[in-house]
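Have a look at the structure below before the remarks.
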Amino acid sequence: SAPDTAALLRCLNPEQRAAVTLPNGHALVLAGAGSGKTRVLTTRIAWLLHTGQASPGSILAVTFTNKAAKEMLTRLGAMLPVAVRGMWIGTFHGLCNRLLRIHHHAAGLPQTFHILDTQDQLAAIKRLCKQFGVDEERFPPKQVQYFIAGCKEEGRRPRDVAGIDPDTRKKVELYQLYEEQCQREGVVDFGELMLRSYELLRDNDPLRAHYQRRFAHILVDEFQDTNRLQYLWLKQLAGDEVDGQLHTHASVIAVGDDDQSIYAFRGARVGNMQDFLREFDVQQQIKLEQNYRSYSNILDAANQLISHNSRRLGKNLRTEQGPGEPVRVYEAVSDLAEAQWMADEIRQLLQSDQLRHQEIAVLYRSNAQSRVIESALFNARIPYRVYGGLRFFERAEIKHALAYLRLLENPHDDTSFMRVVNFPPRGIGARSVEVLQDSARSSGCSLHDAVSLVPGSAGAKLNQFVALVEVLSEQMQGENLRTIIDQMLHASGLLAHYRADKDGADRVENLEELVNAGESFVTLEGFGRDAVALPVDEHGVATTTLPDFVDGDTGETLSPLAAFLTHAALEAGDNQAQAGQEAVQLMTVHASKGLEFDCVFIGGLEEGLFPHDQSVGERDGLEEERRLMYVAITRARQRLYLSHAQTRMLHGQTRYNEKSRFFQELPDSALKWLTPQRSGFGSFAPRASQGSSYGGYSAYSKGSAGSKTETFASPPVPVQKATPSHGLRAGTAVFHTKFGEGKVLAIEGTGDDARAHVHFGRHGSKWLALAVAKLTIVS
Ligand code: ATP
Ligand code: MG
């Protein structure tokens with residue numbers, strides 16, 4: 001039974017309620033982290049539907065990730081007995097995809113157009129550069145990719161980009177060639193999804209009018225991270241501009257937090273907020289100031305940190321929750337020791353605090369940091385899950401499998417053709433492929449069609465490959481997805497290839513998982529025109545939000561395989577993956593936006609890493625890093641741990657890092673140092689070899705609340721911080737837990753900085769930091 005309106009609004013504070021029940025018109029909700037912005041959006045949709053002011057079909061809501069869209073649908077489903085299917089709730093990419101599938105004809109695309117993720121796009125650009133003999137030193141494909149993406153984000157086609165210098169002119173030319181290649185192959189990259197659907201509406205008056213009338217309510221989450229084109233896209237859906245005056249049909253409600261704008265490098269524009277206020281003549285601005293997520297120690301840390309940024313729109317955040325636990329800070333000797341400490345701490349939290357795995361998150365600035373943390377968790381037998389980085393649909397073996405599937409859908413997909421023509425290896429050399437590419441180019445056809453033009457044994461092998469795909473394609477007509485995927489894995493030789501590889505077990509497992517993914521991707525029936533394949537979870541609940549990829553003119557819909565491939569491409573482009581199971585969540589700070597966890601670890605808080613090298617030079621860069629840190633801190637509900645390491649292996653080099661300047665920007669009163677604070681590491685001696693000693697303070701006690709520095713329960717070493725000699729001198733015989741017996745050669749430095757040069761028989765001589773090395777004197 002439907003709830004009454006009061007029940008819907010009961011769990012909101014007065015400001016939130018005001019935002020939810022705003023009369024039609026445009027509004028901006030500007031509010032800090034955890035103040036309920038997302039909750040306000042969801043509840044507003046529920047309220048509009050419940051009070052009969054809106055039908056599901058008249059709502060369009062933009063979320064930042066697919067996961068957030070699903071969550072919104074789940075919550076709506078729980079609040080109201082509504083058919084959520086008619087609602088357009090999704091990411092910009094997801095919504096654009098939907099629009100283009102429906103109107104593919106008007107957009108000049110095949111209905112089965114394939115979406116290139118970032119990797120595919122780079123591969124396509126490389127192929128192009130090769131084909132046109134572009135000097136890759138002068139025009140690195142990555143740069144070309146960045147250039148093209150940047151142009152598209154600003155809504156510019158090659159003809160709109162003025163090339164003043166020869167280099168830019170060359171890039172514009174490549175952009176043009178790339179567009180032609182994509183069009184020929186029927187593929188679309190992420191930027192193109194946005195731009196193409198923007199142009200579709202712009203150039204098609206009846207279509208635009210139709211959607212303007214349809215979407216009476218447009219709601220946007222994480223508005224601070226929209227880019228220029230996304231803003232223009234929204235504006236166009238909302239109404240037309242006449243004589244510089246915007247006449248809107250829809251009510252647009254945007255929620256955001258300027259302090260959480262972290263995608264400037266991808267074209268996000270905080271300026272969209274000001275533009276929105278002005279161009280939409282926004283009458284309603286609402287601030288939410290109560291944070292419902294975090295205890296005050298955590299919130300104080302976040303507030304104080306972000307107060308160091310200069311250009312802010314200005315907001316306050318308070319909480320009615322008590323101070324909670326202090327924010328714990330740990331200094332590790334090395335990245336390995338940091339990871340080990342995290343694993344130890346997490347084990348404790350799981351055991352004594354009974355926290356659930358998925359309520360613990362480890363956040364880091366760069367993906368490269370995850371490897372060490374993963375191995376520590378793995379060794380500690382703590383299940384974990386990495387978000388971002390290489391997601392399921394981006395893994396090499398999965399991409400190979402998807403390439404075969406795409407060829408089943410469309411044999412003229414050259415990107416896929418190139419990927420698997422000789423994978424698994426079937427004796428088709430690079431030379432043969434070049435001949436094939438040349439033939440395709442000179443006769444203006446796809447690689448598939450050019451195969452018959454290649455003479456000799458190379459031609460015969462290529463023909464076999466094409467025949468393999470064709471036969472499979474015929475056999476699979478009318479089969480269900482599971483069977484298609486399963487058969488493809490066998491017929492292509494992929495499964496056998498990875499089974500034969502002694503390190504291939506994980507990959508085989510992933511391929512099997514793909515079969516499962518196909519199985520759970522079932523076709524829903526009974527929705528007439530709307531009937532289409534939908535991915536479902538283990539409870540049979542649809543996990544995607546964009547079901548009706550139906551041709552607006554013909555009613556034609558995608559095959560389950562094509563729908564599945566679309567789903568895979570969109571998932572790969574998302575910043576987050578599926579909802580977590582019983583596993584600790586590892587992710588970059590970027591990927592953590594909008595999420596919350598009981599307990600959060602932020603590692604690698606070192607100068608050069610966080611804030612990142614590349615950004616500290618400029619003020620804008622540093623402020624963006626600080627916003628990132630603000631996002632990271634505000635993910636935590638109950639507990640927050642910060643850590644840094646003195647040395648870290650990054651990109652094959654050991655780096656000696658000072659702790660992050662952000663520590664100085666946090667309130668002392670909210671912090672608790674688990675390790676003695678150092679003033680800096682200027683005098684810290686490089687150790688003889690990487691990883692020569694670590695383990696650090698594995699035995700600190702948790703009992704000394706109140707003091708900032710925790711004492712060590714029973715250190716195995718009589719190392720005292722303040723004594724200059726540590727009881728050691730040249731000649732002392734010592735024992736080290738890892739290197740065994742040794743003899744001190746020299747001592748340098750005092751206090752925390754003291755280090756010893758010790759000779760260990762088999763292990764040679766090493767420099768050890770006495771404050772951390774586990775040395776015992778052998779008497
Ligand atoms: P972010 O900026 O991180 O995206 P947000 O402003 O979107 O945060 P929400 O995620 O909507 O915040 O809310 C934060 C948490 O507070 C959620 O767990 C939400 O359920 C809870 N919450 C929000 N409003 C209330 C309220 N009035 N009473 C109780 N809990 C609330
Ligand atoms: Mg939110």
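In the structure tokens, each chain is lettered A, B, ... as it comes, each chain's residues begin at 1, and ligands are numbered from 1 in order of appearance.
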- request: Find the residues around segment 137-142 of chain A up to 8 Å (only C-alpha atoms counted), leave out those fewer than 2 positions away in its own chain, and share them as a PyMOL selection string.
  value: chain A and resi 122+125-126+129+134-135+144-146+171
field: Selection near segment 202-204 of chain A, 8 Å with only C-alpha atoms, sequence-local residues under 4 positions removed, as an MDAnalysis selection string
entry: chainID A and resid 198 208 236
- prompt: Hey, can you check how far atom CA of Ser375 of chain A sits from atom CA of Ile346 of chain A?
  reply: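 Answer for the atom CA of Ser375 of chain A to atom CA of Ile346 of chain A separation: 13.8 Å.
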message: Using only C-alpha atoms and all ligand atoms, which residues of the polymer chains come no farther than 9 Å from ligand 2? I'd like the answer as a list in words.
response: Ala33, Gly34, Ser35, Gly36, Lys37, Thr38, Arg39, Ala68, Asp221, Glu222, Val255, Gly256, Lys593, Gly594 and Leu595 of chain A
task: Choose the residue, out of A:Thr65, A:Gln212, A:Asn463, A:Gln477, that has the smallest atom-to-atom separation from ligand 1; count only C-alpha atoms and all ligand atoms.
output: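 Nearest candidate to ligand 1 out of A:Thr65, A:Gln212, A:Asn463, A:Gln477: A:Thr65.
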- line: Min atom-atom distance to Glu625 of chain A from the set A:Phe92, A:Phe662, A:Tyr175, A:Tyr330, counting only C-alpha atoms, belongs to A:Phe662
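Comparing the minimum interatomic distances between ligand 1 and each of A:Ser559, A:Gln358, A:Thr732, A:Thr43, counting only C-alpha atoms and all ligand atoms, we find that A:Thr43 sits nearest.
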task: Considering only C-alpha atoms, return as number ranges by chain whatever protein or nucleic-acid residues lie within 9 Å of Leu481 of chain A, sequence-local ones (same chain, fewer than 4 positions apart) excluded.
output: A: 485-486, 515, 518-519, 521-522, 560-561, 564
message: As an exercise, work out the distance from atom CA of Glu289 of chain A to atom CA of Lys315 of chain A in Å and give it to one decimal place.
response: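 Value for the atom CA of Glu289 of chain A-atom CA of Lys315 of chain A distance: 7.3 Å.
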message: For Leu408 of chain A, find every residue with an atom within 10 Å (counting only C-alpha atoms), except residues of its own chain fewer than 6 positions away, and show them as a list in words.
response: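 In the requested form, the answer reads Leu402, Val469, Glu470, Val471, Leu472, Ser473, Glu474, Met476, Gln477, Ile484, Met488, Leu561 and Ala562 of chain A.
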What would the file look like if the residues just selected were written as a compact mmCIF listing (two decimals), in the first residue's frame with C-alpha atoms?
```txt
# COMPACT_ATOMS: atom_id res chain seq x y z
CA LEU A 402 33.80 -9.42 -26.11
CA VAL A 469 33.34 -16.41 -37.01
CA GLU A 470 30.78 -16.93 -39.76
CA VAL A 471 30.04 -20.51 -38.87
CA LEU A 472 29.70 -19.67 -35.21
CA SER A 473 27.47 -16.76 -36.05
CA GLU A 474 25.16 -19.02 -38.03
CA MET A 476 24.22 -19.23 -32.71
CA GLN A 477 21.13 -17.82 -34.40
CA ILE A 484 26.37 -18.05 -27.32
CA MET A 488 32.22 -18.75 -28.46
CA LEU A 561 23.71 -10.00 -27.48
CA ALA A 562 23.85 -6.39 -28.64
```
task: Find the residue from A:Arg213, A:Leu28, A:Lys461, A:Glu154 that sits nearest to Val282 of chain A; use only C-alpha atoms when measuring.
output: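 Looking at the shortest contact to Val282 of chain A, the residue is A:Leu28.
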